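Trainee: As input, take coords_23.tsv (TSV, C-alpha atoms and all ligand atoms):
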chain	number	residue	atom	x	y	z
A	1	MET	CA	-21.55	6.31	-1.00
A	2	ASN	CA	-21.50	4.69	-4.43
A	3	ASP	CA	-24.51	6.70	-5.56
A	4	THR	CA	-21.98	9.36	-6.61
A	5	ARG	CA	-21.86	9.69	-10.36
A	6	GLY	CA	-19.44	12.54	-10.82
A	7	THR	CA	-15.74	11.97	-11.38
A	8	ARG	CA	-14.40	15.38	-10.39
A	9	VAL	CA	-12.73	16.24	-7.11
A	10	LEU	CA	-12.04	19.74	-5.84
A	11	VAL	CA	-8.89	19.84	-3.69
A	12	LEU	CA	-8.65	22.67	-1.18
A	13	ASN	CA	-5.52	23.61	0.72
A	14	SER	CA	-6.54	26.32	3.17
A	15	GLY	CA	-3.56	28.06	4.74
A	16	SER	CA	-3.53	30.92	7.21
A	17	SER	CA	-3.47	33.62	4.52
A	18	SER	CA	-4.22	31.77	1.29
A	19	VAL	CA	-6.45	29.11	-0.24
A	20	LYS	CA	-5.02	26.97	-3.04
A	21	TYR	CA	-7.39	24.93	-5.13
A	22	GLN	CA	-7.30	22.39	-7.93
A	23	LEU	CA	-10.14	20.71	-9.74
A	24	LEU	CA	-9.21	17.27	-11.04
A	25	ASP	CA	-11.09	14.78	-13.15
A	26	MET	CA	-10.40	11.35	-11.72
A	27	ALA	CA	-11.62	9.64	-14.89
A	28	ASP	CA	-8.23	10.43	-16.41
A	29	GLY	CA	-6.35	12.36	-13.71
A	30	SER	CA	-6.53	15.58	-15.72
A	31	ARG	CA	-6.37	19.01	-14.11
A	32	LEU	CA	-9.37	21.11	-15.12
A	33	SER	CA	-8.54	24.20	-13.11
A	34	SER	CA	-6.21	25.46	-10.45
A	35	GLY	CA	-5.57	28.70	-8.65
A	36	ILE	CA	-4.79	30.50	-5.46
A	37	VAL	CA	-6.54	33.21	-3.49
A	38	GLU	CA	-3.96	35.09	-1.48
A	39	ARG	CA	-3.69	37.80	1.15
A	40	ILE	CA	-6.78	36.74	3.05
A	41	GLY	CA	-7.66	39.39	5.61
A	42	GLU	CA	-5.72	42.15	3.88
A	43	GLY	CA	-7.96	43.54	1.14
A	44	PRO	CA	-11.24	42.66	-0.54
A	45	VAL	CA	-10.86	39.06	0.61
A	46	THR	CA	-11.74	39.68	4.23
A	47	ASP	CA	-11.77	36.09	5.49
A	48	HIS	CA	-11.75	32.41	4.46
A	49	SER	CA	-15.43	32.55	3.72
A	50	ALA	CA	-14.84	35.32	1.17
A	51	ALA	CA	-11.81	33.43	-0.20
A	52	LEU	CA	-13.78	30.24	-0.80
A	53	LYS	CA	-16.61	32.20	-2.39
A	54	GLN	CA	-14.01	33.66	-4.73
A	55	VAL	CA	-12.80	30.14	-5.55
A	56	ALA	CA	-16.42	29.17	-6.26
A	57	ASP	CA	-16.88	32.25	-8.49
A	58	GLU	CA	-13.65	31.60	-10.41
A	59	LEU	CA	-14.71	28.00	-11.05
A	60	ALA	CA	-18.23	29.06	-12.07
A	61	ALA	CA	-16.79	31.59	-14.54
A	62	GLN	CA	-14.99	28.68	-16.22
A	63	GLY	CA	-18.20	26.64	-16.39
A	64	LEU	CA	-16.92	24.41	-13.57
A	65	GLY	CA	-19.16	25.66	-10.76
A	66	LEU	CA	-19.50	23.93	-7.42
A	67	ASP	CA	-23.11	23.13	-8.28
A	68	SER	CA	-21.98	20.80	-11.08
A	69	PRO	CA	-23.30	17.24	-10.79
A	70	GLU	CA	-19.88	16.17	-12.06
A	71	LEU	CA	-18.38	17.05	-8.69
A	72	ALA	CA	-17.98	13.88	-6.59
A	73	ALA	CA	-16.19	15.26	-3.53
A	74	VAL	CA	-14.10	17.97	-1.99
A	75	GLY	CA	-10.73	16.83	-0.64
A	76	HIS	CA	-9.25	18.99	2.12
A	77	ARG	CA	-5.61	18.99	3.08
A	78	VAL	CA	-5.41	18.88	6.87
A	79	VAL	CA	-1.98	19.23	8.43
A	80	HIS	CA	-2.33	17.45	11.77
A	81	GLY	CA	-4.35	14.30	12.35
A	82	GLY	CA	-2.78	13.40	15.70
A	83	THR	CA	-2.93	9.70	16.54
A	84	ARG	CA	-6.62	9.49	15.71
A	85	PHE	CA	-6.65	10.10	11.95
A	86	THR	CA	-4.55	7.58	10.10
A	87	GLU	CA	-6.68	7.38	6.95
A	88	PRO	CA	-8.54	9.78	4.66
A	89	THR	CA	-11.73	10.52	6.56
A	90	LEU	CA	-15.25	11.44	5.50
A	91	ILE	CA	-16.09	14.69	7.25
A	92	TYR	CA	-19.09	15.01	9.53
A	93	ASP	CA	-19.59	17.29	12.56
A	94	GLU	CA	-17.70	15.11	15.01
A	95	VAL	CA	-14.69	14.94	12.67
A	96	VAL	CA	-14.55	18.74	12.49
A	97	GLU	CA	-14.64	18.89	16.30
A	98	ALA	CA	-11.83	16.34	16.53
A	99	ILE	CA	-9.66	18.33	14.09
A	100	GLU	CA	-10.33	21.43	16.18
A	101	LYS	CA	-9.18	19.55	19.30
A	102	LEU	CA	-5.84	18.99	17.55
A	103	ILE	CA	-5.22	22.73	17.15
A	104	PRO	CA	-2.75	22.85	20.08
A	105	LEU	CA	-0.53	20.44	18.10
A	106	ALA	CA	-0.67	22.57	14.93
A	107	PRO	CA	-1.64	26.10	15.96
A	108	LEU	CA	-0.55	27.65	12.67
A	109	HIS	CA	-2.23	25.19	10.32
A	110	ASN	CA	-5.23	23.34	11.67
A	111	PRO	CA	-7.37	26.46	12.37
A	112	ALA	CA	-7.23	27.51	8.70
A	113	ASN	CA	-7.88	23.93	7.57
A	114	VAL	CA	-10.96	23.78	9.81
A	115	THR	CA	-12.26	27.10	8.52
A	116	GLY	CA	-11.86	25.89	4.93
A	117	ILE	CA	-13.83	22.75	5.74
A	118	LYS	CA	-16.64	24.66	7.45
A	119	VAL	CA	-17.08	27.14	4.62
A	120	ALA	CA	-16.97	24.42	1.94
A	121	ARG	CA	-19.61	22.45	3.82
A	122	GLU	CA	-21.83	25.53	3.94
A	123	LEU	CA	-21.44	26.05	0.20
A	124	ARG	CA	-22.28	22.42	-0.70
A	125	PRO	CA	-23.80	20.67	2.36
A	126	ASP	CA	-24.84	17.67	0.28
A	127	LEU	CA	-21.40	16.96	-1.15
A	128	PRO	CA	-19.05	14.42	0.48
A	129	GLN	CA	-16.06	16.21	1.96
A	130	VAL	CA	-12.94	14.28	2.80
A	131	ALA	CA	-10.05	15.23	5.08
A	132	VAL	CA	-6.62	13.98	3.99
A	133	PHE	CA	-4.00	14.34	6.71
A	134	ASP	CA	-0.33	15.25	6.29
A	135	THR	CA	0.49	13.01	9.24
A	136	ALA	CA	-1.45	9.92	8.11
A	137	PHE	CA	1.23	8.18	6.02
A	138	HIS	CA	3.56	8.27	9.03
A	139	SER	CA	1.12	6.58	11.41
A	140	THR	CA	2.83	3.24	10.68
A	141	ILE	CA	6.14	4.36	12.21
A	142	PRO	CA	7.01	1.88	14.97
A	143	GLU	CA	7.17	3.01	18.58
A	144	GLU	CA	10.96	2.91	18.77
A	145	ALA	CA	11.11	5.55	16.05
A	146	ALA	CA	8.00	7.50	17.05
A	147	ARG	CA	8.70	7.96	20.77
A	148	TYR	CA	11.08	10.50	22.20
A	149	ALA	CA	13.17	9.28	25.13
A	150	ILE	CA	11.39	11.35	27.75
A	151	ASP	CA	9.14	10.46	30.69
A	152	THR	CA	6.36	8.34	29.21
A	153	ALA	CA	3.54	9.71	31.36
A	154	THR	CA	4.42	13.31	30.49
A	155	ALA	CA	4.74	12.47	26.81
A	156	ASP	CA	1.38	10.70	26.74
A	157	GLU	CA	-0.39	13.40	28.72
A	158	HIS	CA	0.62	16.04	26.19
A	159	GLY	CA	0.62	13.98	22.99
A	160	VAL	CA	4.39	14.38	22.61
A	161	ARG	CA	5.67	11.98	19.94
A	162	ARG	CA	6.84	11.95	16.33
A	163	TYR	CA	3.90	12.49	13.97
A	164	GLY	CA	5.75	13.54	10.80
A	165	PHE	CA	4.42	15.76	8.00
A	166	HIS	CA	4.42	16.00	4.16
A	167	GLY	CA	2.92	12.51	4.36
A	168	THR	CA	0.82	12.93	1.23
A	169	SER	CA	3.97	13.72	-0.71
A	170	HIS	CA	6.01	10.89	0.82
A	171	ALA	CA	3.19	8.45	0.02
A	172	TYR	CA	2.86	9.63	-3.58
A	173	VAL	CA	6.60	9.81	-4.27
A	174	SER	CA	7.47	6.46	-2.71
A	175	ARG	CA	4.79	4.81	-4.86
A	176	ALA	CA	5.84	6.70	-8.00
A	177	THR	CA	9.44	5.63	-7.38
A	178	ALA	CA	8.42	1.96	-7.26
A	179	GLU	CA	6.53	2.52	-10.51
A	180	LEU	CA	9.61	4.09	-12.10
A	181	LEU	CA	11.55	0.95	-11.16
A	182	GLY	CA	8.79	-1.22	-12.62
A	183	LYS	CA	8.08	-2.79	-9.25
A	184	ASP	CA	5.22	-3.07	-6.79
A	185	PRO	CA	5.61	-0.68	-3.81
A	186	SER	CA	5.64	-3.73	-1.51
A	187	GLU	CA	8.91	-4.87	-3.12
A	188	VAL	CA	11.01	-1.74	-2.67
A	189	ASN	CA	12.66	0.20	0.15
A	190	VAL	CA	12.88	3.91	-0.57
A	191	ILE	CA	14.37	6.96	1.11
A	192	VAL	CA	12.26	9.98	0.09
A	193	LEU	CA	13.82	13.44	0.38
A	194	HIS	CA	11.10	16.09	0.14
A	195	LEU	CA	13.07	19.33	-0.17
A	196	GLY	CA	10.80	22.33	-0.56
A	197	ASN	CA	10.69	25.40	1.62
A	198	GLY	CA	9.85	22.94	4.37
A	199	ALA	CA	11.94	19.77	4.07
A	200	SER	CA	11.64	16.23	5.37
A	201	ALA	CA	13.08	12.77	4.81
A	202	SER	CA	11.33	9.46	5.22
A	203	ALA	CA	12.30	5.80	5.21
A	204	VAL	CA	9.69	3.65	3.47
A	205	ARG	CA	9.94	-0.14	3.65
A	206	GLY	CA	7.78	-2.03	1.17
A	207	GLY	CA	5.36	0.89	0.85
A	208	VAL	CA	5.09	1.38	4.64
A	209	CYS	CA	6.67	4.38	6.33
A	210	VAL	CA	9.04	3.32	9.14
A	211	ASP	CA	10.70	6.65	10.04
A	212	THR	CA	10.56	10.32	9.17
A	213	SER	CA	12.54	13.40	10.11
A	214	MET	CA	9.80	15.82	11.17
A	215	GLY	CA	8.46	15.23	14.66
A	216	LEU	CA	5.81	16.65	16.99
A	217	THR	CA	5.86	19.67	14.67
A	218	PRO	CA	7.46	20.37	11.26
A	219	LEU	CA	10.47	21.95	13.01
A	220	GLU	CA	12.56	18.80	13.50
A	221	GLY	CA	14.97	17.19	11.07
A	222	LEU	CA	16.53	18.67	7.95
A	223	VAL	CA	17.75	22.23	7.52
A	224	MET	CA	14.88	24.09	5.78
A	225	GLY	CA	14.27	27.46	4.17
A	226	THR	CA	13.56	29.22	7.46
A	227	ARG	CA	13.51	26.39	10.06
A	228	SER	CA	16.52	25.11	11.95
A	229	GLY	CA	15.66	21.41	11.88
A	230	ASP	CA	17.50	19.33	14.51
A	231	ILE	CA	18.97	21.32	17.36
A	232	ASP	CA	20.06	20.58	20.93
A	233	PRO	CA	16.88	21.28	22.97
A	234	ALA	CA	19.07	22.96	25.57
A	235	VAL	CA	19.69	25.77	23.07
A	236	ILE	CA	16.15	26.87	23.91
A	237	PHE	CA	16.81	26.99	27.68
A	238	HIS	CA	20.07	28.79	27.02
A	239	LEU	CA	18.40	31.45	24.87
A	240	ALA	CA	15.70	31.89	27.52
A	241	ARG	CA	18.00	32.04	30.54
A	242	VAL	CA	21.04	33.73	29.10
A	243	GLY	CA	19.54	35.53	26.12
A	244	GLY	CA	16.39	36.64	27.95
A	245	MET	CA	14.19	35.54	25.05
A	246	SER	CA	10.54	34.55	25.52
A	247	THR	CA	9.10	31.24	24.34
A	248	ASP	CA	7.36	33.05	21.47
A	249	ASP	CA	10.62	34.80	20.48
A	250	ILE	CA	12.46	31.48	20.34
A	251	ASP	CA	9.58	29.84	18.45
A	252	ALA	CA	9.75	32.60	15.84
A	253	LEU	CA	13.56	32.41	15.71
A	254	LEU	CA	13.64	28.66	15.06
A	255	ASN	CA	10.67	28.53	12.68
A	256	LYS	CA	10.97	31.78	10.75
A	257	ARG	CA	14.49	33.19	11.03
A	258	SER	CA	16.64	30.06	10.97
A	259	GLY	CA	17.58	27.47	8.35
A	260	LEU	CA	19.05	28.83	5.13
A	261	LEU	CA	17.58	32.27	5.80
A	262	GLY	CA	19.14	32.53	9.23
A	263	LEU	CA	22.49	31.25	8.00
A	264	CYS	CA	22.95	33.48	4.97
A	265	GLY	CA	19.99	35.84	4.60
A	266	ASP	CA	18.36	33.96	1.70
A	267	ASN	CA	15.98	31.02	1.83
A	268	ASP	CA	15.71	30.42	-1.91
A	269	MET	CA	18.19	27.83	-3.17
A	270	ARG	CA	18.37	29.59	-6.56
A	271	GLU	CA	19.64	32.76	-4.94
A	272	ILE	CA	22.06	30.81	-2.76
A	273	ALA	CA	23.45	29.04	-5.85
A	274	ARG	CA	23.89	32.38	-7.59
A	275	ARG	CA	25.74	33.85	-4.62
A	276	MET	CA	27.95	30.75	-4.34
A	277	GLY	CA	28.88	31.30	-7.97
A	278	GLU	CA	30.19	34.71	-6.96
A	279	GLY	CA	32.27	33.20	-4.17
A	280	ASP	CA	29.96	34.29	-1.34
A	281	GLU	CA	31.20	32.49	1.77
A	282	SER	CA	28.08	32.65	3.93
A	283	ALA	CA	25.95	31.29	1.07
A	284	GLN	CA	28.48	28.48	0.61
A	285	LEU	CA	28.44	27.64	4.32
A	286	ALA	CA	24.62	27.62	4.40
A	287	PHE	CA	24.65	25.20	1.44
A	288	ASP	CA	27.27	23.01	3.11
A	289	ILE	CA	25.30	22.82	6.36
A	290	TYR	CA	22.10	22.00	4.44
A	291	VAL	CA	23.82	19.23	2.50
A	292	HIS	CA	25.66	17.82	5.53
A	293	ARG	CA	22.35	17.32	7.36
A	294	LEU	CA	20.86	15.62	4.31
A	295	ARG	CA	23.79	13.18	4.11
A	296	LYS	CA	23.37	12.32	7.78
A	297	TYR	CA	19.72	11.40	7.21
A	298	VAL	CA	20.55	9.35	4.11
A	299	GLY	CA	23.10	7.44	6.20
A	300	ALA	CA	20.72	7.02	9.12
A	301	TYR	CA	17.85	5.79	6.97
A	302	THR	CA	20.14	3.44	5.08
A	303	ALA	CA	20.89	1.88	8.47
A	304	VAL	CA	17.20	1.87	9.46
A	305	LEU	CA	16.14	0.16	6.22
A	306	GLY	CA	19.08	-2.24	5.93
A	307	ARG	CA	18.54	-2.54	2.19
A	308	VAL	CA	17.86	0.58	0.14
A	309	ASP	CA	16.56	0.18	-3.41
A	310	ALA	CA	16.05	3.84	-4.23
A	311	ILE	CA	16.57	7.39	-3.05
A	312	ALA	CA	14.01	9.84	-4.44
A	313	PHE	CA	14.41	13.62	-4.53
A	314	THR	CA	11.26	15.73	-4.72
A	315	ALA	CA	9.74	19.24	-4.22
A	316	GLY	CA	11.22	22.61	-5.26
A	317	VAL	CA	14.85	22.00	-4.31
A	318	GLY	CA	14.84	18.23	-4.81
A	319	GLU	CA	13.37	18.47	-8.31
A	320	ASN	CA	15.41	21.45	-9.48
A	321	SER	CA	18.80	21.52	-7.80
A	322	PRO	CA	21.40	19.18	-9.30
A	323	ALA	CA	23.94	20.84	-6.99
A	324	VAL	CA	22.11	19.77	-3.82
A	325	ARG	CA	21.43	16.25	-5.15
A	326	GLY	CA	25.01	15.75	-6.27
A	327	ALA	CA	26.59	17.14	-3.10
A	328	ALA	CA	24.26	15.25	-0.73
A	329	LEU	CA	25.13	11.90	-2.29
A	330	SER	CA	28.76	12.44	-3.31
A	331	GLY	CA	31.31	9.96	-2.00
A	332	LEU	CA	28.68	7.41	-0.96
A	333	GLY	CA	29.95	4.68	-3.31
A	334	ALA	CA	30.60	2.51	-0.25
A	335	LEU	CA	26.82	2.52	0.35
A	336	GLY	CA	26.21	1.59	-3.29
A	337	ILE	CA	25.03	5.11	-4.13
A	338	GLU	CA	26.42	6.68	-7.30
A	339	VAL	CA	24.94	9.72	-9.00
A	340	ASP	CA	25.59	10.03	-12.74
A	341	ALA	CA	27.13	13.47	-13.26
A	342	VAL	CA	25.70	13.83	-16.78
A	343	ARG	CA	22.16	12.74	-15.95
A	344	ASN	CA	22.23	14.98	-12.89
A	345	SER	CA	23.52	18.02	-14.79
A	346	PRO	CA	21.23	21.05	-15.20
A	347	GLY	CA	21.28	21.01	-18.99
A	348	TYR	CA	20.49	17.30	-19.39
A	349	ARG	CA	17.39	16.88	-21.61
A	350	TRP	CA	14.96	14.25	-20.49
A	351	GLU	CA	12.61	12.66	-22.91
A	352	VAL	CA	9.25	12.66	-21.23
A	353	PRO	CA	6.56	10.76	-23.11
A	354	PRO	CA	3.48	12.93	-23.81
A	355	GLY	CA	1.22	12.73	-20.77
A	356	GLY	CA	3.82	10.56	-19.06
A	357	SER	CA	5.43	11.09	-15.70
A	358	SER	CA	8.60	13.13	-15.61
A	359	ALA	CA	10.08	10.91	-12.90
A	360	ARG	CA	13.61	9.98	-13.95
A	361	LEU	CA	16.75	8.20	-12.83
A	362	ILE	CA	19.96	10.08	-12.16
A	363	SER	CA	22.03	7.18	-10.86
A	364	GLY	CA	24.94	5.73	-12.78
A	365	PRO	CA	24.82	2.27	-14.37
A	366	SER	CA	26.86	0.66	-11.58
A	367	SER	CA	24.91	2.25	-8.71
A	368	ARG	CA	23.33	-0.47	-6.55
A	369	VAL	CA	20.81	2.08	-5.28
A	370	ALA	CA	18.61	3.79	-7.86
A	371	VAL	CA	18.68	7.57	-7.43
A	372	ALA	CA	15.60	9.31	-8.82
A	373	VAL	CA	14.04	12.71	-9.29
A	374	VAL	CA	10.30	12.24	-8.79
A	375	PRO	CA	8.08	15.33	-9.06
A	376	THR	CA	5.55	15.30	-6.25
A	377	ASP	CA	1.84	15.93	-6.78
A	378	GLU	CA	0.11	16.35	-3.45
A	379	GLU	CA	-3.15	17.57	-4.97
A	380	LEU	CA	-3.45	14.52	-7.21
A	381	GLU	CA	-2.75	12.27	-4.22
A	382	ILE	CA	-5.39	14.05	-2.08
A	383	ALA	CA	-7.91	13.79	-4.93
A	384	THR	CA	-7.09	10.12	-5.48
A	385	GLN	CA	-7.54	9.28	-1.79
A	386	ALA	CA	-10.74	11.34	-1.49
A	387	TYR	CA	-12.22	9.82	-4.64
A	388	ALA	CA	-11.37	6.28	-3.58
A	389	LEU	CA	-13.14	6.89	-0.26
A	390	VAL	CA	-16.37	8.27	-1.77
A	391	GLN	CA	-16.42	5.54	-4.40
A	392	GLY	CA	-16.47	3.08	-1.49
B	1	LIG	P1	6.79	24.68	-0.62
B	1	LIG	O1	7.38	24.01	0.57
B	1	LIG	O2	6.49	26.13	-0.40
B	1	LIG	O3	5.69	23.90	-1.31
B	1	LIG	P2	8.36	24.13	-3.01
B	1	LIG	O4	8.35	22.66	-3.01
B	1	LIG	O5	7.62	24.85	-4.08
B	1	LIG	O6	8.00	24.72	-1.59
B	1	LIG	O7	9.89	24.60	-3.03
B	1	LIG	C1	10.22	25.95	-2.98
B	1	LIG	C2	11.73	26.08	-2.99
B	1	LIG	O8	12.27	25.37	-4.10
B	1	LIG	C3	12.21	27.51	-3.19
B	1	LIG	O9	12.31	28.18	-1.96
B	1	LIG	C4	13.58	27.30	-3.79
B	1	LIG	O10	14.54	27.23	-2.76
B	1	LIG	C5	13.50	25.97	-4.45
B	1	LIG	N1	13.60	26.02	-5.91
B	1	LIG	C6	12.62	26.25	-6.81
B	1	LIG	N2	13.11	26.23	-8.07
B	1	LIG	C7	14.45	26.01	-7.96
B	1	LIG	C8	15.51	25.87	-8.90
B	1	LIG	N3	15.33	25.99	-10.21
B	1	LIG	N4	16.74	25.62	-8.41
B	1	LIG	C9	16.97	25.50	-7.08
B	1	LIG	N5	16.00	25.60	-6.16
B	1	LIG	C10	14.76	25.86	-6.59
Please render this file's structure as structure tokens.
Ligand code: ADP

Mentor:
Amino acid sequence: MNDTRGTRVLVLNSGSSSVKYQLLDMADGSRLSSGIVERIGEGPVTDHSAALKQVADELAAQGLGLDSPELAAVGHRVVHGGTRFTEPTLIYDEVVEAIEKLIPLAPLHNPANVTGIKVARELRPDLPQVAVFDTAFHSTIPEEAARYAIDTATADEHGVRRYGFHGTSHAYVSRATAELLGKDPSEVNVIVLHLGNGASASAVRGGVCVDTSMGLTPLEGLVMGTRSGDIDPAVIFHLARVGGMSTDDIDALLNKRSGLLGLCGDNDMREIARRMGEGDESAQLAFDIYVHRLRKYVGAYTAVLGRVDAIAFTAGVGENSPAVRGAALSGLGALGIEVDAVRNSPGYRWEVPPGGSSARLISGPSSRVAVAVVPTDEELEIATQAYALVQG
């Protein structure tokens, strides 16, 4: 593999109706190009093949074509790696087949990921292509945290266990948090709160993930933009038997019409904050439920880890909502967690060194636990892992 001379990596994130791409130069981590092709299947972009050809054309128009010898690899985000894929993996035919076999575990995501891989391989058959799995970072979770307390034979027959998602982000952010503290990842215990439209928490001990809130699918755990997170499983039987709803109806309810959206009609935290400012009660209740769930996970993962060195907030809400950060951690002085109101305020100006990371501390001077805002960068992490693999 070390015959590769290029230093660039193209990262592809193929979703059901869009393809996001970034071209990074691993010599210095710089971003040479990025973009998104949306509404696949709706207009001129008839399918993923057309979408990836458009990506190739856009890059070529910038003098960064896929035929460039500078390109060392393509890194593909793949959502579900099951129990088989615990590392970034060089893609060959059998790997594609194995990812296809995992489709029942991720019916919304893996098919698009597979299509993206197939088309990219057709465009550049000679180029190393690497799959980086959202589940991989969580493969170290011990059995007592990964297994659900159901009949073992049934669970094993159907692959029912906690896999966890957003792993690329949890890996990147837990490492970046250690860096912010000036420590090696092996020395610190971190609770990572990835709060985007999807949201998940993880407990990372010495750089190794030991628990996470998402489970068999991304539905479990925190309250999200449109997903319920934790719920009594009997709610599903109740809605089926008493409410006459089908399995697909309930699936859509819990994944697409629940969470913040279901509670108050908005899934964007900015809009919810605005409505709260006007005294809107349902927006306030949605916020309170969201924050209450977060606090429960912080408490639970504090207990799981025993010693917590840092709590890191990341993704859209985590990076941008002082209100959520402040409310989630308020009154936790007994756990050694104190947020500094000034550093956490919206108007506080951070001095970010040119080219430096904008990760920053928002804890007060007497807080035993460091509280940090650490912008995530999943594309950089995918590129870093893919590049490391092809460099051998
Ligand atoms: P995705 O899961 O789609 O990658 P992001 O990490 O981009 O999501 O997060 C998107 C969410 O971040 C939005 O739905 C919104 O709720 C929230 N968000 C973005 N900017 C702000 C902001 N300035 N204040 C509060 N919330 C924000």

Trainee: Between A:Gly63, A:Pro128, A:Pro142, A:Pro346, single out the one closest to ligand LIG 1 (chain B), counting all atoms listed in the file.

Mentor: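 Closest candidate: A:Pro346.
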
Trainee: Find the distance between atom CA of A:Tyr172 and atom C2 of ligand LIG 1 (chain B) and write it in Å to one decimal.

Mentor: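 Result for atom CA of A:Tyr172 versus atom C2 of ligand LIG 1 (chain B): 18.7 Å, one decimal.
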
Trainee: Please write out the residues within 10 Å of ligand LIG 1 (chain B) as a PDB file with C-alpha atoms, in the coordinates of the input, counting all atoms listed in the file.

Mentor:
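Output saved as pocket.pdb:
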ATOM      1  CA  HIS A 166       4.420  16.000   4.160  1.00  0.00           C
ATOM      2  CA  HIS A 194      11.100  16.090   0.140  1.00  0.00           C
ATOM      3  CA  LEU A 195      13.070  19.330  -0.170  1.00  0.00           C
ATOM      4  CA  GLY A 196      10.800  22.330  -0.560  1.00  0.00           C
ATOM      5  CA  ASN A 197      10.690  25.400   1.620  1.00  0.00           C
ATOM      6  CA  GLY A 198       9.850  22.940   4.370  1.00  0.00           C
ATOM      7  CA  ALA A 199      11.940  19.770   4.070  1.00  0.00           C
ATOM      8  CA  MET A 224      14.880  24.090   5.780  1.00  0.00           C
ATOM      9  CA  GLY A 225      14.270  27.460   4.170  1.00  0.00           C
ATOM     10  CA  THR A 226      13.560  29.220   7.460  1.00  0.00           C
ATOM     11  CA  LEU A 260      19.050  28.830   5.130  1.00  0.00           C
ATOM     12  CA  ASP A 266      18.360  33.960   1.700  1.00  0.00           C
ATOM     13  CA  ASN A 267      15.980  31.020   1.830  1.00  0.00           C
ATOM     14  CA  ASP A 268      15.710  30.420  -1.910  1.00  0.00           C
ATOM     15  CA  MET A 269      18.190  27.830  -3.170  1.00  0.00           C
ATOM     16  CA  ARG A 270      18.370  29.590  -6.560  1.00  0.00           C
ATOM     17  CA  GLU A 271      19.640  32.760  -4.940  1.00  0.00           C
ATOM     18  CA  ILE A 272      22.060  30.810  -2.760  1.00  0.00           C
ATOM     19  CA  ALA A 273      23.450  29.040  -5.850  1.00  0.00           C
ATOM     20  CA  ARG A 274      23.890  32.380  -7.590  1.00  0.00           C
ATOM     21  CA  THR A 314      11.260  15.730  -4.720  1.00  0.00           C
ATOM     22  CA  ALA A 315       9.740  19.240  -4.220  1.00  0.00           C
ATOM     23  CA  GLY A 316      11.220  22.610  -5.260  1.00  0.00           C
ATOM     24  CA  VAL A 317      14.850  22.000  -4.310  1.00  0.00           C
ATOM     25  CA  GLY A 318      14.840  18.230  -4.810  1.00  0.00           C
ATOM     26  CA  GLU A 319      13.370  18.470  -8.310  1.00  0.00           C
ATOM     27  CA  ASN A 320      15.410  21.450  -9.480  1.00  0.00           C
ATOM     28  CA  SER A 321      18.800  21.520  -7.800  1.00  0.00           C
ATOM     29  CA  PRO A 322      21.400  19.180  -9.300  1.00  0.00           C
ATOM     30  CA  ALA A 323      23.940  20.840  -6.990  1.00  0.00           C
ATOM     31  CA  VAL A 324      22.110  19.770  -3.820  1.00  0.00           C
ATOM     32  CA  PRO A 346      21.230  21.050 -15.200  1.00  0.00           C
ATOM     33  CA  PRO A 375       8.080  15.330  -9.060  1.00  0.00           C
ATOM     34  CA  THR A 376       5.550  15.300  -6.250  1.00  0.00           C
ATOM     35  CA  GLU A 378       0.110  16.350  -3.450  1.00  0.00           C
TER      36      GLU A 378
END

Trainee: List as an NGL selection string the protein and nucleic acid residues near A:Val371, meaning an atom at most 10 Å away when only C-alpha atoms are counted, but skip any in the same chain fewer than 6 places from it.

Mentor: :A and (177 or 190-191 or 309-313 or 325 or 329 or 337-340 or 344 or 360-364)

Trainee: Just the selected residues (C-alpha atoms), exported as a PDB file, keeping the file's coordinate frame, please.

Mentor:
ATOM      1  CA  THR A 177       9.440   5.630  -7.380  1.00  0.00           C
ATOM      2  CA  VAL A 190      12.880   3.910  -0.570  1.00  0.00           C
ATOM      3  CA  ILE A 191      14.370   6.960   1.110  1.00  0.00           C
ATOM      4  CA  ASP A 309      16.560   0.180  -3.410  1.00  0.00           C
ATOM      5  CA  ALA A 310      16.050   3.840  -4.230  1.00  0.00           C
ATOM      6  CA  ILE A 311      16.570   7.390  -3.050  1.00  0.00           C
ATOM      7  CA  ALA A 312      14.010   9.840  -4.440  1.00  0.00           C
ATOM      8  CA  PHE A 313      14.410  13.620  -4.530  1.00  0.00           C
ATOM      9  CA  ARG A 325      21.430  16.250  -5.150  1.00  0.00           C
ATOM     10  CA  LEU A 329      25.130  11.900  -2.290  1.00  0.00           C
ATOM     11  CA  ILE A 337      25.030   5.110  -4.130  1.00  0.00           C
ATOM     12  CA  GLU A 338      26.420   6.680  -7.300  1.00  0.00           C
ATOM     13  CA  VAL A 339      24.940   9.720  -9.000  1.00  0.00           C
ATOM     14  CA  ASP A 340      25.590  10.030 -12.740  1.00  0.00           C
ATOM     15  CA  ASN A 344      22.230  14.980 -12.890  1.00  0.00           C
ATOM     16  CA  ARG A 360      13.610   9.980 -13.950  1.00  0.00           C
ATOM     17  CA  LEU A 361      16.750   8.200 -12.830  1.00  0.00           C
ATOM     18  CA  ILE A 362      19.960  10.080 -12.160  1.00  0.00           C
ATOM     19  CA  SER A 363      22.030   7.180 -10.860  1.00  0.00           C
ATOM     20  CA  GLY A 364      24.940   5.730 -12.780  1.00  0.00           C
TER      21      GLY A 364
END

Trainee: List the residues sitting within 8 Å of (-19.0, 23.0, -6.3) in the file's frame, using all atoms listed in the file, as a compact mmCIF listing (two decimals) with C-alpha atoms, in the frame of the given file.

Mentor:
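Generated file (point.txt):
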# COMPACT_ATOMS: atom_id res chain seq x y z
CA LEU A 10 -12.04 19.74 -5.84
CA ALA A 56 -16.42 29.17 -6.26
CA LEU A 64 -16.92 24.41 -13.57
CA GLY A 65 -19.16 25.66 -10.76
CA LEU A 66 -19.50 23.93 -7.42
CA ASP A 67 -23.11 23.13 -8.28
CA SER A 68 -21.98 20.80 -11.08
CA LEU A 71 -18.38 17.05 -8.69
CA LEU A 123 -21.44 26.05 0.20
CA ARG A 124 -22.28 22.42 -0.70
